[in-house]
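**Q** Below is the file entry_30.tsv, with TSV, C-alpha atoms.
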```
chain	number	residue	atom	x	y	z
O	254	MET	CA	10.73	-44.57	20.00
O	255	LYS	CA	8.72	-43.63	23.11
O	256	THR	CA	11.50	-41.19	24.14
O	257	LEU	CA	11.36	-39.48	20.75
O	258	LYS	CA	7.59	-39.05	21.04
O	259	THR	CA	8.03	-37.58	24.53
O	260	ILE	CA	10.65	-35.12	23.28
O	261	VAL	CA	8.42	-34.05	20.37
O	262	ALA	CA	5.45	-33.63	22.72
O	263	VAL	CA	7.51	-31.49	25.13
O	264	CYS	CA	8.82	-29.34	22.25
O	265	LEU	CA	5.30	-28.79	20.93
O	266	LEU	CA	4.16	-27.83	24.43
O	267	PHE	CA	6.94	-25.22	24.75
O	268	ILE	CA	6.15	-23.81	21.30
O	269	THR	CA	2.44	-23.53	22.16
O	270	VAL	CA	3.09	-21.92	25.55
O	271	GLY	CA	5.60	-19.49	24.00
O	272	ALA	CA	3.20	-18.51	21.21
O	273	THR	CA	0.37	-17.98	23.70
O	274	ALA	CA	2.56	-15.80	25.94
O	275	GLN	CA	3.63	-13.67	22.94
O	276	ASN	CA	0.02	-13.39	21.81
O	277	ASP	CA	-1.03	-12.19	25.29
O	278	LYS	CA	1.80	-9.61	25.29
O	279	ASP	CA	0.72	-8.36	21.82
O	280	LYS	CA	-2.91	-8.08	22.97
O	281	LYS	CA	-1.83	-5.95	25.96
O	282	ILE	CA	0.26	-3.67	23.74
O	283	MET	CA	-2.68	-3.33	21.32
O	284	ALA	CA	-5.04	-2.41	24.18
O	285	ASP	CA	-2.48	0.10	25.50
O	286	ALA	CA	-2.12	1.57	21.98
O	287	GLU	CA	-5.88	2.16	21.74
O	288	LYS	CA	-5.85	3.88	25.16
O	289	ALA	CA	-2.84	5.96	24.08
O	290	LYS	CA	-4.70	7.05	20.91
O	291	ALA	CA	-7.67	8.19	23.00
O	292	THR	CA	-5.34	10.04	25.39
O	293	LEU	CA	-3.59	11.84	22.51
O	294	ILE	CA	-6.91	12.94	20.99
O	295	GLU	CA	-8.16	14.07	24.40
O	296	LYS	CA	-4.99	16.10	24.97
O	297	ASP	CA	-5.04	17.72	21.49
O	298	ALA	CA	-8.18	17.15	19.41
O	299	GLY	CA	-6.38	18.49	16.32
O	300	ILE	CA	-4.27	15.34	16.17
O	301	GLU	CA	-7.36	13.39	15.08
O	302	LYS	CA	-6.93	14.70	11.51
O	303	PHE	CA	-3.60	12.84	11.33
O	304	PHE	CA	-5.25	9.60	12.47
O	305	GLU	CA	-7.97	10.05	9.85
O	306	ASN	CA	-5.87	11.23	6.88
O	307	SER	CA	-2.54	9.42	7.13
O	308	SER	CA	-1.72	6.28	5.15
O	309	GLY	CA	-0.78	4.68	8.45
O	310	TYR	CA	0.61	5.25	11.90
O	311	ALA	CA	2.61	3.46	14.58
O	312	ILE	CA	1.60	3.97	18.21
O	313	PHE	CA	4.13	3.20	20.93
O	314	PRO	CA	2.11	3.54	24.16
O	315	ASN	CA	5.02	3.10	26.59
O	316	VAL	CA	8.39	4.39	25.43
O	317	GLY	CA	10.98	4.51	28.17
O	318	LYS	CA	13.74	7.09	27.76
O	319	GLY	CA	16.66	7.67	30.06
O	320	GLY	CA	20.17	8.90	30.16
O	321	LEU	CA	23.02	10.79	31.71
O	322	ILE	CA	25.32	11.77	28.84
O	323	ILE	CA	24.78	8.28	27.33
O	324	GLY	CA	21.09	7.61	26.84
O	325	GLY	CA	18.60	5.37	25.20
O	326	ALA	CA	14.98	4.65	24.54
O	327	SER	CA	12.92	1.58	23.79
O	328	GLY	CA	9.30	0.60	23.37
O	329	ASN	CA	6.84	-1.71	21.65
O	330	GLY	CA	3.87	-0.65	19.59
O	331	VAL	CA	1.32	-1.37	16.89
O	332	LEU	CA	1.40	-0.40	13.22
O	333	TYR	CA	-1.92	0.59	11.64
O	334	GLU	CA	-2.71	0.91	7.95
O	335	ASP	CA	-5.90	2.78	7.09
O	336	GLY	CA	-6.90	2.52	10.77
O	337	THR	CA	-6.50	-1.27	10.95
O	338	PRO	CA	-3.73	-2.93	13.01
O	339	ILE	CA	-1.42	-4.88	10.68
O	340	GLY	CA	1.50	-5.83	12.93
O	341	MET	CA	3.73	-5.15	15.88
O	342	ALA	CA	6.66	-2.73	15.94
O	343	SER	CA	9.54	-2.02	18.27
O	344	LEU	CA	11.81	0.98	18.65
O	345	LYS	CA	15.31	1.38	20.02
O	346	LYS	CA	17.61	4.36	20.37
O	347	VAL	CA	21.08	4.83	21.82
O	348	ASN	CA	22.73	8.23	21.84
O	349	ILE	CA	25.48	10.28	23.40
O	350	GLY	CA	25.13	13.97	24.19
O	351	LEU	CA	23.78	16.54	26.60
O	352	GLN	CA	20.87	14.80	28.35
O	353	ALA	CA	19.84	13.93	31.87
O	354	GLY	CA	16.90	12.17	33.48
O	355	GLY	CA	14.31	9.57	32.68
O	356	GLN	CA	10.88	9.71	31.14
O	357	ALA	CA	7.97	7.60	29.92
O	358	VAL	CA	6.18	8.86	26.81
O	359	ILE	CA	3.47	7.94	24.33
O	360	GLN	CA	4.88	8.25	20.82
O	361	VAL	CA	3.00	8.09	17.53
O	362	ILE	CA	4.53	8.25	14.07
O	363	PHE	CA	2.23	9.23	11.20
O	364	PHE	CA	3.06	8.26	7.61
O	365	GLU	CA	1.70	10.75	5.09
O	366	THR	CA	2.01	8.52	2.03
O	367	ASP	CA	1.83	4.84	1.14
O	368	ALA	CA	5.52	5.05	0.19
O	369	ALA	CA	6.52	6.31	3.65
O	370	LEU	CA	4.44	3.56	5.27
O	371	ALA	CA	5.96	0.93	2.96
O	372	GLU	CA	9.44	2.03	3.99
O	373	PHE	CA	8.54	1.45	7.65
O	374	LYS	CA	7.05	-1.96	6.87
O	375	GLU	CA	10.34	-3.05	5.24
O	376	GLY	CA	11.58	-3.43	8.82
O	377	ASN	CA	14.70	-1.26	8.92
O	378	PHE	CA	13.19	2.23	9.22
O	379	GLU	CA	15.19	4.91	11.02
O	380	LEU	CA	14.33	8.51	11.90
O	381	SER	CA	16.98	10.97	10.75
O	382	ALA	CA	19.33	12.47	13.31
O	383	GLU	CA	17.55	15.85	13.05
O	384	ALA	CA	14.08	14.47	13.79
O	385	SER	CA	12.24	15.74	16.81
O	386	ALA	CA	8.77	15.17	18.18
O	387	VAL	CA	5.93	17.65	18.41
O	388	ILE	CA	4.84	17.57	22.03
O	389	ALA	CA	1.13	16.68	22.00
O	390	ASP	CA	-0.66	19.47	23.84
O	391	LYS	CA	-3.73	21.63	23.21
O	392	GLY	CA	-3.44	23.19	19.76
O	393	LYS	CA	0.14	22.07	19.04
O	394	SER	CA	-0.98	19.82	16.17
O	395	LYS	CA	-2.66	22.72	14.35
O	396	ASP	CA	0.58	23.97	12.76
O	397	ALA	CA	2.43	20.64	12.65
O	398	ASN	CA	3.57	19.45	9.22
O	399	TYR	CA	5.07	16.31	7.76
O	400	SER	CA	8.78	16.19	6.98
O	401	ASP	CA	9.84	13.61	4.37
O	402	GLY	CA	6.40	11.99	4.66
O	403	VAL	CA	6.62	11.47	8.43
O	404	ILE	CA	5.58	13.39	11.54
O	405	VAL	CA	6.11	12.31	15.16
O	406	PHE	CA	4.08	13.32	18.21
O	407	ALA	CA	5.07	12.57	21.79
O	408	LEU	CA	3.16	12.96	25.03
O	409	PRO	CA	5.13	12.72	28.29
O	410	LYS	CA	3.46	10.37	30.78
O	411	ALA	CA	5.88	10.51	33.71
O	412	GLY	CA	9.35	11.66	34.62
O	413	LEU	CA	11.46	14.56	33.48
O	414	MET	CA	14.14	14.55	30.84
O	415	ALA	CA	15.99	17.35	29.11
O	416	ASP	CA	15.77	15.83	25.60
O	417	ALA	CA	12.91	15.91	23.05
O	418	SER	CA	14.79	14.34	20.17
O	419	VAL	CA	13.64	11.18	18.45
O	420	GLY	CA	16.29	11.21	15.73
O	421	GLY	CA	18.36	8.08	15.48
O	422	GLN	CA	15.54	5.80	16.57
O	423	LYS	CA	15.53	2.46	14.76
O	424	PHE	CA	12.42	0.36	14.23
O	425	ASP	CA	11.55	-3.26	13.56
O	426	PHE	CA	8.22	-4.45	12.20
O	427	ASN	CA	6.54	-7.87	12.26
O	428	ALA	CA	3.31	-8.23	10.30
O	429	PHE	CA	0.45	-10.31	11.68
O	430	GLU	CA	0.18	-13.70	10.01
```
Represent the structure contained in this file as structure tokens.
**A**
Amino acid sequence: MKTLKTIVAVCLLFITVGATAQNDKDKKIMADAEKAKATLIEKDAGIEKFFENSSGYAIFPNVGKGGLIIGGASGNGVLYEDGTPIGMASLKKVNIGLQAGGQAVIQVIFFETDAALAEFKEGNFELSAEASAVIADKGKSKDANYSDGVIVFALPKAGLMADASVGGQKFDFNAFE
């Protein structure tokens, strides 16, 4: 009986430590997302209208992209609804084609309507193969428009890569409890 209690106690300890570590990781991503939002607005003040008027947005503050013929991208971010964080999101992309290099970017996806946001929250959202990002730079957001209820902005942070596509990215979403 004492052995069983010890095993239960150890299991509870691992669960608690694991939950705390995940919580700390989420807090860091949330802090990075807020910094990324400020950086995007500083780079192109016109993007602020999307933050204010969209049904929601997902900010991925550190997306790593790389490839040489075969490429990929991944990152973690925060989903906001009406300006309030409601959960964590992740993105992944694997592609084959003409590409070379590596790059770190900030990426934000704005959802024009509640329906577009709801589709993302279902947890199996994917950007179409034709999707590309508007590069966040002074004045670029002025003429940017939604396509199918979604618009994507990207801001390169470091590196150089000959590929601005975001099509084919797949996303997962986990709501806060």
**Q** Please list as a PDB file with C-alpha atoms, in the coordinates of the input every residue within 8 Å of region 363-373 of chain O, counting only C-alpha atoms and excluding residues in the same chain fewer than 6 positions away.
**A**
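Output file selection-v6.pdb is given in full below:
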```
ATOM      1  CA  PHE O 303      -3.600  12.840  11.330  1.00  0.00           C
ATOM      2  CA  PHE O 304      -5.250   9.600  12.470  1.00  0.00           C
ATOM      3  CA  ASN O 306      -5.870  11.230   6.880  1.00  0.00           C
ATOM      4  CA  SER O 307      -2.540   9.420   7.130  1.00  0.00           C
ATOM      5  CA  SER O 308      -1.720   6.280   5.150  1.00  0.00           C
ATOM      6  CA  GLY O 309      -0.780   4.680   8.450  1.00  0.00           C
ATOM      7  CA  TYR O 310       0.610   5.250  11.900  1.00  0.00           C
ATOM      8  CA  ALA O 311       2.610   3.460  14.580  1.00  0.00           C
ATOM      9  CA  TYR O 399       5.070  16.310   7.760  1.00  0.00           C
ATOM     10  CA  GLY O 402       6.400  11.990   4.660  1.00  0.00           C
ATOM     11  CA  VAL O 403       6.620  11.470   8.430  1.00  0.00           C
ATOM     12  CA  ILE O 404       5.580  13.390  11.540  1.00  0.00           C
ATOM     13  CA  VAL O 405       6.110  12.310  15.160  1.00  0.00           C
ATOM     14  CA  PHE O 424      12.420   0.360  14.230  1.00  0.00           C
ATOM     15  CA  PHE O 426       8.220  -4.450  12.200  1.00  0.00           C
TER      16      PHE O 426
END
```
**Q** Nearest to Glu305 (chain O) among O:Lys288, O:Gly421, O:Tyr333, O:Leu380, with distances taken over all atoms listed in the file: which residue is it?
**A** O:Tyr333
**Q** Could you check how far CA of Pro338 (chain O) sits from CA of Asn377 (chain O), in Å to one decimal?
**A** 19.0 Å
**Q** At a cut-off of 10 Å, using all atoms listed in the file, what residues contact Leu408 (chain O)? Leave out same-chain residues fewer than 5 positions from it and give the result as number ranges by chain.
**A** O: 289, 292-293, 296, 314, 357-361, 386-390
**Q** Only C-alpha atoms, please: the residues just picked out, written as a compact mmCIF listing (two decimals), keeping the file's coordinate frame.
**A**
```txt
# COMPACT_ATOMS: atom_id res chain seq x y z
CA ALA O 289 -2.84 5.96 24.08
CA THR O 292 -5.34 10.04 25.39
CA LEU O 293 -3.59 11.84 22.51
CA LYS O 296 -4.99 16.10 24.97
CA PRO O 314 2.11 3.54 24.16
CA ALA O 357 7.97 7.60 29.92
CA VAL O 358 6.18 8.86 26.81
CA ILE O 359 3.47 7.94 24.33
CA GLN O 360 4.88 8.25 20.82
CA VAL O 361 3.00 8.09 17.53
CA ALA O 386 8.77 15.17 18.18
CA VAL O 387 5.93 17.65 18.41
CA ILE O 388 4.84 17.57 22.03
CA ALA O 389 1.13 16.68 22.00
CA ASP O 390 -0.66 19.47 23.84
```
**Q** For Ala326 (chain O), which of O:Ala353, O:Ile294, O:Ala397, O:Val419 is the closest residue, counting only C-alpha atoms?
**A**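 Of the candidates, the smallest distance to Ala326 (chain O) is held by O:Val419.
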**Q** Looking at O:Gly330, O:Gly376, O:Gly336, O:Gly354, which one is nearest to Met283 (chain O), with distances taken over all atoms listed in the file?
**A**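 Once distances to Met283 (chain O) are computed over all atoms listed in the file, the minimum belongs to O:Gly330.
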**Q** State, in Å with one decimal place, the distance from CA of Gly317 (chain O) to CA of Lys302 (chain O).
**A**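 We find that CA of Gly317 (chain O) and CA of Lys302 (chain O) lie 26.5 Å from each other.
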**Q** Return the single residue from O:Val316, O:Ile322, O:Ala284, O:Ile300 that is closest to Lys345 (chain O), with distances computed using all atoms listed in the file.
**A**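 The answer is O:Val316, which sits nearest to Lys345 (chain O).
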**Q** Could you state the separation of CA of Lys410 (chain O) and CA of Gln356 (chain O) in Å, given to one decimal place?
**A** 7.5 Å
**Q** Compile the contact shell of Glu430 (chain O) as a PyMOL selection string: residues with an atom at most 12 Å away, counting only C-alpha atoms, same-chain residues fewer than 6 positions apart removed.
**A** chain O and resi 276+338-341
**Q** Would you output that residue set with C-alpha atoms, as a PDB file, in the coordinates of the input?
**A**
```pdb
ATOM      1  CA  ASN O 276       0.020 -13.390  21.810  1.00  0.00           C
ATOM      2  CA  PRO O 338      -3.730  -2.930  13.010  1.00  0.00           C
ATOM      3  CA  ILE O 339      -1.420  -4.880  10.680  1.00  0.00           C
ATOM      4  CA  GLY O 340       1.500  -5.830  12.930  1.00  0.00           C
ATOM      5  CA  MET O 341       3.730  -5.150  15.880  1.00  0.00           C
TER       6      MET O 341
END
```
